[in-house]
Amino acid sequence: MPDGSLIRTCRRTGTGNRKNYSGKHTCHGLLVIALTDDKGRLVWVSAVRPGRTSEITACRHDNLTTHLRAAGLGTITDLGFVGLDDSGPDADPAVNTGYKAARNKPLTRGQKLSHKTLATVRAPVEHGFAHLKNWRALGKIRTDPTWATALVRALPVLTNREVAR
């Protein structure tokens, strides 16, 4: 199950660092997309992207749905990924999301029940990200995406080993 998270970084000055500012979180950081299994263990981590990048854009750059279809897998995501899987109506969806309510069209009782079910299934994903964010080394990153990608891709191995103890 994919999800994205902003890793807060030390702020650097200058116009070159503006791309690392996340307006959603109102802080500087780097975006990481990761896939977890149903128990919350990190399986795959994307390349680190600037903080202003949205989760759905990062997944599109990584061709996530193509890779999931090639492996014959499907996934359950949060509302940040609505519209990621633009497959045809006859194809099996690779990405399942919840429903967004509109101002003039509230959610039905069935849609609310569906959201509750999705939330219980997605709870281990949040635990996986919590284990990843526990590493203090992530707070020391000075917004160098190449070094940060190497560090973040090494952490799932250490995280899974520590959780298994």
# chains A, B, ... in the order shown; residues from 1 in each chain; ligands from 1
call {"tool": "select_by_dssp", "arguments": {"residues": "stretch 114-149 of chain A", "states": "helix (DSSP H, G or I)", "output": "compact mmCIF listing (two decimals) with N, CA, C and O atoms, in the first residue's frame"}}
result
# COMPACT_ATOMS: atom_id res chain seq x y z
N SER A 114 -17.39 2.30 3.75
CA SER A 114 -16.22 1.95 2.95
C SER A 114 -14.98 2.67 3.45
O SER A 114 -13.90 2.09 3.52
N HIS A 115 -15.11 3.93 3.84
CA HIS A 115 -13.98 4.69 4.37
C HIS A 115 -13.48 4.09 5.68
O HIS A 115 -12.27 4.03 5.91
N LYS A 116 -14.40 3.64 6.53
CA LYS A 116 -13.99 3.00 7.79
C LYS A 116 -13.20 1.73 7.52
O LYS A 116 -12.19 1.46 8.16
N THR A 117 -13.67 0.95 6.56
CA THR A 117 -12.98 -0.29 6.22
C THR A 117 -11.60 0.00 5.65
O THR A 117 -10.61 -0.66 6.01
N LEU A 118 -11.51 0.98 4.76
CA LEU A 118 -10.20 1.35 4.19
C LEU A 118 -9.26 1.86 5.27
O LEU A 118 -8.06 1.58 5.24
N ALA A 119 -9.78 2.59 6.24
CA ALA A 119 -8.93 3.11 7.31
C ALA A 119 -8.36 1.99 8.17
O ALA A 119 -7.19 2.05 8.57
N THR A 120 -9.16 0.96 8.44
CA THR A 120 -8.64 -0.15 9.24
C THR A 120 -7.60 -0.95 8.47
O THR A 120 -6.63 -1.43 9.05
N VAL A 121 -7.77 -1.06 7.16
CA VAL A 121 -6.80 -1.79 6.35
C VAL A 121 -5.50 -0.99 6.21
O VAL A 121 -4.41 -1.54 6.18
N ARG A 122 -5.62 0.34 6.17
CA ARG A 122 -4.45 1.20 5.96
C ARG A 122 -3.71 1.55 7.25
O ARG A 122 -2.65 2.17 7.21
N ALA A 123 -4.20 1.18 8.40
CA ALA A 123 -3.53 1.52 9.66
C ALA A 123 -2.10 1.00 9.73
O ALA A 123 -1.21 1.74 10.18
N PRO A 124 -1.80 -0.22 9.29
CA PRO A 124 -0.40 -0.67 9.33
C PRO A 124 0.54 0.17 8.46
O PRO A 124 1.74 0.27 8.75
N VAL A 125 0.01 0.79 7.40
CA VAL A 125 0.85 1.65 6.54
C VAL A 125 1.37 2.82 7.36
O VAL A 125 2.56 3.17 7.30
N GLU A 126 0.52 3.41 8.16
CA GLU A 126 0.93 4.54 8.99
C GLU A 126 1.94 4.10 10.03
O GLU A 126 2.87 4.84 10.36
N HIS A 127 1.81 2.88 10.54
CA HIS A 127 2.79 2.36 11.49
C HIS A 127 4.15 2.17 10.82
O HIS A 127 5.18 2.42 11.43
N GLY A 128 4.14 1.71 9.57
CA GLY A 128 5.40 1.55 8.83
C GLY A 128 6.12 2.87 8.65
O GLY A 128 7.34 2.96 8.80
N PHE A 129 5.37 3.93 8.33
CA PHE A 129 5.98 5.24 8.19
C PHE A 129 6.45 5.79 9.53
O PHE A 129 7.44 6.49 9.61
N ALA A 130 5.74 5.44 10.60
CA ALA A 130 6.17 5.88 11.93
C ALA A 130 7.51 5.25 12.28
O ALA A 130 8.39 5.91 12.84
N HIS A 131 7.70 3.97 11.94
CA HIS A 131 8.98 3.32 12.19
C HIS A 131 10.09 3.96 11.37
O HIS A 131 11.22 4.11 11.83
N LEU A 132 9.77 4.35 10.14
CA LEU A 132 10.77 4.99 9.28
C LEU A 132 11.16 6.36 9.82
O LEU A 132 12.33 6.72 9.85
N LYS A 133 10.18 7.11 10.30
CA LYS A 133 10.45 8.47 10.78
C LYS A 133 11.12 8.50 12.15
O LYS A 133 11.55 9.55 12.61
N ARG A 136 16.65 9.23 13.68
CA ARG A 136 17.06 10.61 13.88
C ARG A 136 17.92 11.13 12.74
O ARG A 136 18.02 12.34 12.53
N ALA A 137 18.51 10.24 11.98
CA ALA A 137 19.37 10.66 10.86
C ALA A 137 18.57 11.41 9.81
O ALA A 137 19.11 12.26 9.10
N LEU A 138 17.27 11.14 9.71
CA LEU A 138 16.45 11.83 8.72
C LEU A 138 16.29 13.31 9.03
O LEU A 138 16.12 14.12 8.13
N GLY A 139 16.33 13.67 10.29
CA GLY A 139 16.21 15.07 10.67
C GLY A 139 17.45 15.89 10.39
O GLY A 139 17.42 17.11 10.41
N LYS A 140 18.55 15.22 10.10
CA LYS A 140 19.82 15.91 9.86
C LYS A 140 20.09 16.14 8.37
O LYS A 140 21.11 16.68 8.00
N PRO A 145 19.11 15.63 -2.40
CA PRO A 145 18.27 14.48 -2.74
C PRO A 145 19.05 13.20 -3.06
O PRO A 145 18.58 12.11 -2.75
N THR A 146 20.22 13.30 -3.66
CA THR A 146 20.95 12.07 -3.99
C THR A 146 21.42 11.36 -2.72
O THR A 146 21.30 10.14 -2.60
N TRP A 147 21.96 12.10 -1.78
CA TRP A 147 22.40 11.50 -0.53
C TRP A 147 21.20 11.03 0.28
O TRP A 147 21.22 9.97 0.89
N ALA A 148 20.14 11.81 0.27
CA ALA A 148 18.94 11.45 1.02
C ALA A 148 18.30 10.19 0.45
O ALA A 148 17.81 9.35 1.21
N THR A 149 18.33 10.01 -0.87
CA THR A 149 17.75 8.81 -1.48
C THR A 149 18.52 7.57 -1.03
O THR A 149 17.91 6.56 -0.67
call {"tool": "select_by_dssp", "arguments": {"residues": "stretch 1-152 of chain A", "states": "strand (DSSP E)", "output": "VMD selection string"}}
result
chain A and resid 2 to 8 21 to 22 27 to 36 42 to 45 49 to 50 75 to 76 95 to 96
call {"tool": "atom_distance", "arguments": {"atom1": "atom CA of A:Lys24", "atom2": "atom CA of A:Asp38"}}
result
27.7 Å
call {"tool": "residues_around", "arguments": {"residues": "A:Ala91", "least_positions_apart": "5", "cutoff": "12 Å", "atoms": "only C-alpha atoms", "output": "PDB file with N, CA and C atoms, in the first residue's frame"}}
result
ATOM      1  N   ARG A  69       0.712  -3.287 -12.129  1.00  0.00           N
ATOM      2  CA  ARG A  69       0.017  -4.140 -13.107  1.00  0.00           C
ATOM      3  C   ARG A  69       0.934  -5.243 -13.628  1.00  0.00           C
ATOM      4  N   GLY A  74      -2.504  -5.176  -6.770  1.00  0.00           N
ATOM      5  CA  GLY A  74      -3.373  -4.031  -6.574  1.00  0.00           C
ATOM      6  C   GLY A  74      -3.049  -3.414  -5.231  1.00  0.00           C
ATOM      7  N   ASP A  85      -4.932   5.974 -11.023  1.00  0.00           N
ATOM      8  CA  ASP A  85      -5.166   4.842 -11.916  1.00  0.00           C
ATOM      9  C   ASP A  85      -6.241   5.231 -12.923  1.00  0.00           C
ATOM     10  N   ASP A  86      -5.820   5.681 -14.086  1.00  0.00           N
ATOM     11  CA  ASP A  86      -6.754   6.095 -15.133  1.00  0.00           C
ATOM     12  C   ASP A  86      -6.930   4.990 -16.169  1.00  0.00           C
TER      13      ASP A  86
END
call {"tool": "residues_around", "arguments": {"residues": "A:Ser87", "least_positions_apart": "5", "cutoff": "12 Å", "atoms": "only C-alpha atoms", "output": "list in words"}}
result
Thr65, Thr66, Arg69, Asp92, Pro93, Ala94, Val95 and Asn96 of chain A
call {"tool": "atom_distance", "arguments": {"atom1": "atom CA of A:Thr159", "atom2": "atom CA of A:Val43"}}
result
10.8 Å
call {"tool": "closest_residue", "arguments": {"among": "A:Ile76, A:Ala102, A:Cys10, A:Met1", "to": "A:Gly40", "atoms": "only C-alpha atoms"}}
result
A:Met1
call {"tool": "atom_distance", "arguments": {"atom1": "atom CA of A:Thr9", "atom2": "atom CA of A:Asp78"}}
result
24.5 Å
call {"tool": "decode", "arguments": {"residues": "stretch 47-58 of chain A", "atoms": "N, CA, C and O atoms", "output": "PDB file, in the first residue's frame"}}
result
ATOM      1  N   ALA A  47      12.620   7.314  -5.046  1.00  0.00           N
ATOM      2  CA  ALA A  47      13.650   8.339  -4.957  1.00  0.00           C
ATOM      3  C   ALA A  47      13.072   9.537  -4.213  1.00  0.00           C
ATOM      4  O   ALA A  47      11.878   9.812  -4.281  1.00  0.00           O
ATOM      5  N   VAL A  48      13.924  10.225  -3.499  1.00  0.00           N
ATOM      6  CA  VAL A  48      13.484  11.391  -2.733  1.00  0.00           C
ATOM      7  C   VAL A  48      13.244  12.540  -3.692  1.00  0.00           C
ATOM      8  O   VAL A  48      14.030  12.789  -4.598  1.00  0.00           O
ATOM      9  N   ARG A  49      12.130  13.236  -3.499  1.00  0.00           N
ATOM     10  CA  ARG A  49      11.759  14.353  -4.359  1.00  0.00           C
ATOM     11  C   ARG A  49      11.663  15.631  -3.520  1.00  0.00           C
ATOM     12  O   ARG A  49      11.522  15.575  -2.306  1.00  0.00           O
ATOM     13  N   PRO A  50      11.725  16.799  -4.166  1.00  0.00           N
ATOM     14  CA  PRO A  50      11.572  18.062  -3.425  1.00  0.00           C
ATOM     15  C   PRO A  50      10.228  18.123  -2.703  1.00  0.00           C
ATOM     16  O   PRO A  50       9.249  17.505  -3.114  1.00  0.00           O
ATOM     17  N   GLY A  51      10.176  18.886  -1.626  1.00  0.00           N
ATOM     18  CA  GLY A  51       8.993  18.963  -0.779  1.00  0.00           C
ATOM     19  C   GLY A  51       7.763  19.507  -1.466  1.00  0.00           C
ATOM     20  O   GLY A  51       6.647  19.214  -1.064  1.00  0.00           O
ATOM     21  N   ARG A  52       7.923  20.299  -2.507  1.00  0.00           N
ATOM     22  CA  ARG A  52       6.749  20.874  -3.171  1.00  0.00           C
ATOM     23  C   ARG A  52       6.041  19.872  -4.075  1.00  0.00           C
ATOM     24  O   ARG A  52       4.934  20.127  -4.536  1.00  0.00           O
ATOM     25  N   THR A  53       6.644  18.730  -4.350  1.00  0.00           N
ATOM     26  CA  THR A  53       6.055  17.711  -5.217  1.00  0.00           C
ATOM     27  C   THR A  53       4.882  17.040  -4.507  1.00  0.00           C
ATOM     28  O   THR A  53       4.972  16.704  -3.335  1.00  0.00           O
ATOM     29  N   SER A  54       3.791  16.829  -5.212  1.00  0.00           N
ATOM     30  CA  SER A  54       2.655  16.123  -4.607  1.00  0.00           C
ATOM     31  C   SER A  54       2.871  14.613  -4.721  1.00  0.00           C
ATOM     32  O   SER A  54       3.653  14.135  -5.537  1.00  0.00           O
ATOM     33  N   GLU A  55       2.161  13.877  -3.893  1.00  0.00           N
ATOM     34  CA  GLU A  55       2.311  12.424  -3.860  1.00  0.00           C
ATOM     35  C   GLU A  55       1.912  11.784  -5.186  1.00  0.00           C
ATOM     36  O   GLU A  55       2.601  10.896  -5.685  1.00  0.00           O
ATOM     37  N   ILE A  56       0.832  12.235  -5.765  1.00  0.00           N
ATOM     38  CA  ILE A  56       0.339  11.633  -7.002  1.00  0.00           C
ATOM     39  C   ILE A  56       1.307  11.911  -8.157  1.00  0.00           C
ATOM     40  O   ILE A  56       1.537  11.056  -9.010  1.00  0.00           O
ATOM     41  N   THR A  57       1.924  13.084  -8.169  1.00  0.00           N
ATOM     42  CA  THR A  57       2.905  13.404  -9.211  1.00  0.00           C
ATOM     43  C   THR A  57       4.140  12.518  -9.080  1.00  0.00           C
ATOM     44  O   THR A  57       4.667  12.030 -10.077  1.00  0.00           O
ATOM     45  N   ALA A  58       4.594  12.299  -7.859  1.00  0.00           N
ATOM     46  CA  ALA A  58       5.754  11.435  -7.644  1.00  0.00           C
ATOM     47  C   ALA A  58       5.461  10.010  -8.098  1.00  0.00           C
ATOM     48  O   ALA A  58       6.313   9.349  -8.710  1.00  0.00           O
TER      49      ALA A  58
END
